[in-house]
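K.L.:
Take a look at the following structure, please.
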Amino acid sequence: MTDARTLPASPLAGAHMAEELASQPQSWERAAAMVDEQRLLPASGARIAVVGCGTSWFMAQAYAALRERAGHGVTDAFAASEAFVNRDYDAIVALTRSGTTTEVLELVDAVRGTTRTIAVVGDIDSPLVGLVDEVIGLPFADEQSVVQTRFATTTLALVRASLGEDLTGVIADARTAVDEQLPDELVTAEQYTFLGTGFTYGLANEAALKMREASQSWTESYPAKEYRHGPISIAAPGRVTWMFGEPPVGLDREVAATGAHFENRAIDAMADLVRAQRVALARALRAGLNPDLPRNLTRSVILDV
């Protein structure tokens, strides 16, 4: 069994990521209690788009699935660089930790005065704040690590609470996920495929991204029922198929037949994402990498325009 906190590649490597991912239960509690801020999000019945880049795009996917499943209205999720915002939306919600991402700034500036915009942002002094109609600031969830963990899930905690979910059990699951030991077979695997359905598909995409960013691991992600339409061919001994939430009937048996490890915990998928974050951290430290400063990445993507 492996405890990521005992595997430092150097005295400081991954220190920010370790602290930030471990603080998620407390951050989720704060977000769930932000009732006034939650009321700034689009009301039930509004037709909305949710946009972001990278991790924030995957949280947008999760938000969209949750809002539509709860019957609150049409909710589309877009990467900010590929968003179709000329569809008569009542509002656009922009998710961004830094508030400086070029594609998000360009999008909200383009719709100023025509569509109501709401930002969920970590840096409340960022340029985005002056471009949107409403700001929901989560500075307590902002991060120093380039690899994002806490801000993303705290944003999702905020929107889940706004949709009427009780997060008490979710937070309890996260406390367990932060403290439990990790099975070695998860940390030492050759390859990972993350699966989800509904809102957990966005979490699967995020888990795969986190593993790539932090530890340069070979990861893929798919909707759960799509996995059998080709991607299962990559499953083999020494590899992991990780399902967030309730799996399709029979999938566990089919993966087991390949010799791959099928990972599926009976906990809330957002808490299970914390476990995947910890695996990413552990793998980075074992490889001598610093996930706070991953290869080829910066805290925010600011393009030359």
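Each chain of the structure tokens is named A, B, ... in the order shown, its residues numbered from 1; ligands are numbered from 1 in display order.
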Please return as a PyMOL selection string: the residues of range 13-223 of chain A that backbone DSSP assigns to helix (DSSP H, G or I).

P.N.:
chain A and resi 15-22+24-32+35-38+55-69+80-82+102-110+127-130+139-141+150-162+168-179+184-187+199-215

K.L.:
Residues of range 58-129 of chain A that approach range 151-162 of chain A to 10 Å or less, counting only C-alpha atoms: could you list each one with the shortest pair of atoms and its distance in Å to one decimal, rows by chain and increasing residue number, as CSV?

P.N.:
```
residue,atom,partner,partner_atom,distance
A:Phe58,CA,A:Ala152,CA,8.9
A:Met59,CA,A:Leu156,CA,6.5
A:Ala60,CA,A:Leu156,CA,8.5
A:Ala62,CA,A:Leu156,CA,7.7
A:Tyr63,CA,A:Val159,CA,6.8
A:Ala64,CA,A:Val159,CA,9.9
A:Leu66,CA,A:Arg160,CA,7.5
A:Arg67,CA,A:Arg160,CA,8.4
A:Leu95,CA,A:Thr155,CA,8.0
A:Thr96,CA,A:Ala152,CA,8.6
A:Arg97,CA,A:Phe151,CA,6.5
A:Ser98,CA,A:Phe151,CA,9.9
A:Val120,CA,A:Thr155,CA,7.2
A:Val121,CA,A:Thr155,CA,8.6
A:Gly122,CA,A:Phe151,CA,7.0
```

K.L.:
Looking at only C-alpha atoms, which of A:Asp272, A:Asp133, A:Glu82, A:Asp292 is the one that sits closest to Leu203 in chain A?

P.N.:
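Of A:Asp272, A:Asp133, A:Glu82, A:Asp292, the one nearest Leu203 in chain A, counting only C-alpha atoms, is A:Asp272.
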
K.L.:
Determine, counting only C-alpha atoms, which protein, DNA and RNA residues have an atom within 10 Å of an atom of Glu226 in chain A; residues of the same chain fewer than 6 positions away are not included. Present the result as an MDAnalysis selection string.

P.N.:
chainID A and resid 195:197 232

K.L.:
Between CA of Pro25 in chain A and CA of Gln144 in chain A, what is the spacing in Å?

P.N.:
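CA of Pro25 in chain A lies at a distance of 17.9 Å from CA of Gln144 in chain A.
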
K.L.:
Please provide the set of residues having any atom within 9 Å of Ala83 in chain A, restricted to only C-alpha atoms, with same-chain residues fewer than 5 positions apart removed, written as a ChimeraX atom specification.

P.N.:
/A:49,51,77-78,107

K.L.:
Keeping only C-alpha atoms, write those residues as a PDB file, in the first residue's frame.

P.N.:
```pdb
ATOM      1  CA  ALA A  49     -23.871  27.682 -21.606  1.00  0.00           C
ATOM      2  CA  VAL A  51     -17.467  27.462 -20.592  1.00  0.00           C
ATOM      3  CA  ALA A  77     -20.793  22.853 -21.935  1.00  0.00           C
ATOM      4  CA  PHE A  78     -18.056  24.151 -24.221  1.00  0.00           C
ATOM      5  CA  LEU A 107     -15.460  35.009 -25.149  1.00  0.00           C
TER       6      LEU A 107
END
```

K.L.:
Counting only C-alpha atoms, what is within 8 Å of range 237-253 of chain A, bar same-chain residues fewer than 6 positions away, as a PyMOL selection string?

P.N.:
chain A and resi 185-186+189-197+200-201+203-204+224-225+259-269+272-273

K.L.:
CA of Leu138 in chain A and CA of Pro294 in chain A are how many Å apart?

P.N.:
23.8 Å

K.L.:
For a quick check of understanding, using only C-alpha atoms, which of A:Ala177, A:Ala276, A:Leu12, A:Pro42 has the smallest distance to Glu206 in chain A?

P.N.:
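For Glu206 in chain A, the nearest of the given residues is A:Ala276.
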
K.L.:
Can you tell me which residues surround Thr117 in chain A at a distance of at most 10 Å, considering only C-alpha atoms, apart from same-chain residues fewer than 5 positions away, and format the answer as a PyMOL selection string?

P.N.:
chain A and resi 41-42+48-50+90-94+108-109+111-112+131-135

K.L.:
Export, as a CSV table (one decimal), in the first residue's frame, the selected residues with C-alpha atoms.

P.N.:
```csv
chain,number,residue,atom,x,y,z
A,41,LEU,CA,-26.0,31.3,-10.8
A,42,PRO,CA,-28.7,31.0,-13.5
A,48,ILE,CA,-27.4,28.5,-20.4
A,49,ALA,CA,-23.9,27.7,-21.6
A,50,VAL,CA,-21.0,26.8,-19.3
A,90,ASP,CA,-30.1,33.5,-21.2
A,91,ALA,CA,-26.7,33.4,-19.5
A,92,ILE,CA,-23.1,32.1,-19.9
A,93,VAL,CA,-21.2,30.8,-16.9
A,94,ALA,CA,-17.4,31.0,-17.1
A,108,VAL,CA,-17.0,37.1,-22.3
A,109,ASP,CA,-15.8,40.3,-23.9
A,111,VAL,CA,-20.9,38.9,-25.6
A,112,ARG,CA,-20.8,42.0,-23.3
A,131,LEU,CA,-15.8,41.9,-17.9
A,132,VAL,CA,-18.7,39.9,-16.4
A,133,ASP,CA,-22.0,40.9,-14.9
A,134,GLU,CA,-21.7,38.7,-11.8
A,135,VAL,CA,-18.7,37.3,-9.9
```

K.L.:
Neighbouring residues of Gln24 in chain A were defined as those with any atom within 9 Å, considering only C-alpha atoms; residues of the same chain fewer than 6 positions away were excluded. Please report them as a short mmCIF file (atom, residue, chain, number, x, y, z; two decimals) with N, CA, C and O atoms, in the first residue's frame.

P.N.:
```
data_model
loop_
_atom_site.label_atom_id
_atom_site.label_comp_id
_atom_site.auth_asym_id
_atom_site.auth_seq_id
_atom_site.Cartn_x
_atom_site.Cartn_y
_atom_site.Cartn_z
N ALA A 141 -10.14 28.80 -2.39
CA ALA A 141 -9.87 27.57 -3.13
C ALA A 141 -8.79 27.75 -4.19
O ALA A 141 -8.43 26.79 -4.87
N THR A 149 -6.37 21.11 -8.53
CA THR A 149 -7.18 20.10 -7.84
C THR A 149 -8.32 20.78 -7.09
O THR A 149 -9.48 20.61 -7.42
N ARG A 150 -7.97 21.57 -6.09
CA ARG A 150 -8.96 22.11 -5.15
C ARG A 150 -9.95 23.07 -5.79
O ARG A 150 -11.14 23.01 -5.51
N PHE A 151 -9.48 23.97 -6.64
CA PHE A 151 -10.41 24.95 -7.21
C PHE A 151 -11.47 24.27 -8.05
O PHE A 151 -12.66 24.61 -7.98
N THR A 153 -12.76 21.15 -7.95
CA THR A 153 -13.78 20.42 -7.21
C THR A 153 -14.60 21.32 -6.31
O THR A 153 -15.78 21.06 -6.06
N THR A 154 -14.01 22.42 -5.83
CA THR A 154 -14.77 23.36 -5.02
C THR A 154 -15.81 24.07 -5.87
O THR A 154 -16.94 24.32 -5.42
N ILE A 171 -18.79 15.03 1.31
CA ILE A 171 -17.65 15.55 2.07
C ILE A 171 -17.08 14.47 2.97
O ILE A 171 -15.85 14.33 3.11
N ALA A 174 -14.98 12.30 0.91
CA ALA A 174 -13.72 12.96 0.56
C ALA A 174 -12.72 12.89 1.71
O ALA A 174 -11.51 12.72 1.48
N ARG A 175 -13.20 13.02 2.93
CA ARG A 175 -12.29 12.91 4.08
C ARG A 175 -11.64 11.53 4.11
O ARG A 175 -10.44 11.39 4.39
N VAL A 178 -9.01 11.28 1.27
CA VAL A 178 -7.77 12.00 1.55
C VAL A 178 -6.84 11.19 2.44
O VAL A 178 -5.61 11.23 2.28
N VAL A 274 -10.69 12.64 -5.95
CA VAL A 274 -9.61 12.96 -5.02
C VAL A 274 -8.61 11.81 -4.96
O VAL A 274 -7.39 12.01 -4.93
#
```

K.L.:
Between CA of Val170 in chain A and CA of Glu143 in chain A, what is the spacing in Å?

P.N.:
21.7 Å

K.L.:
Enumerate the residues of range 87-152 of chain A with a DSSP assignment of strand (DSSP E or B), computed from the backbone, and present them as a PyMOL selection string.

P.N.:
chain A and resi 91-96+116-121+134-137
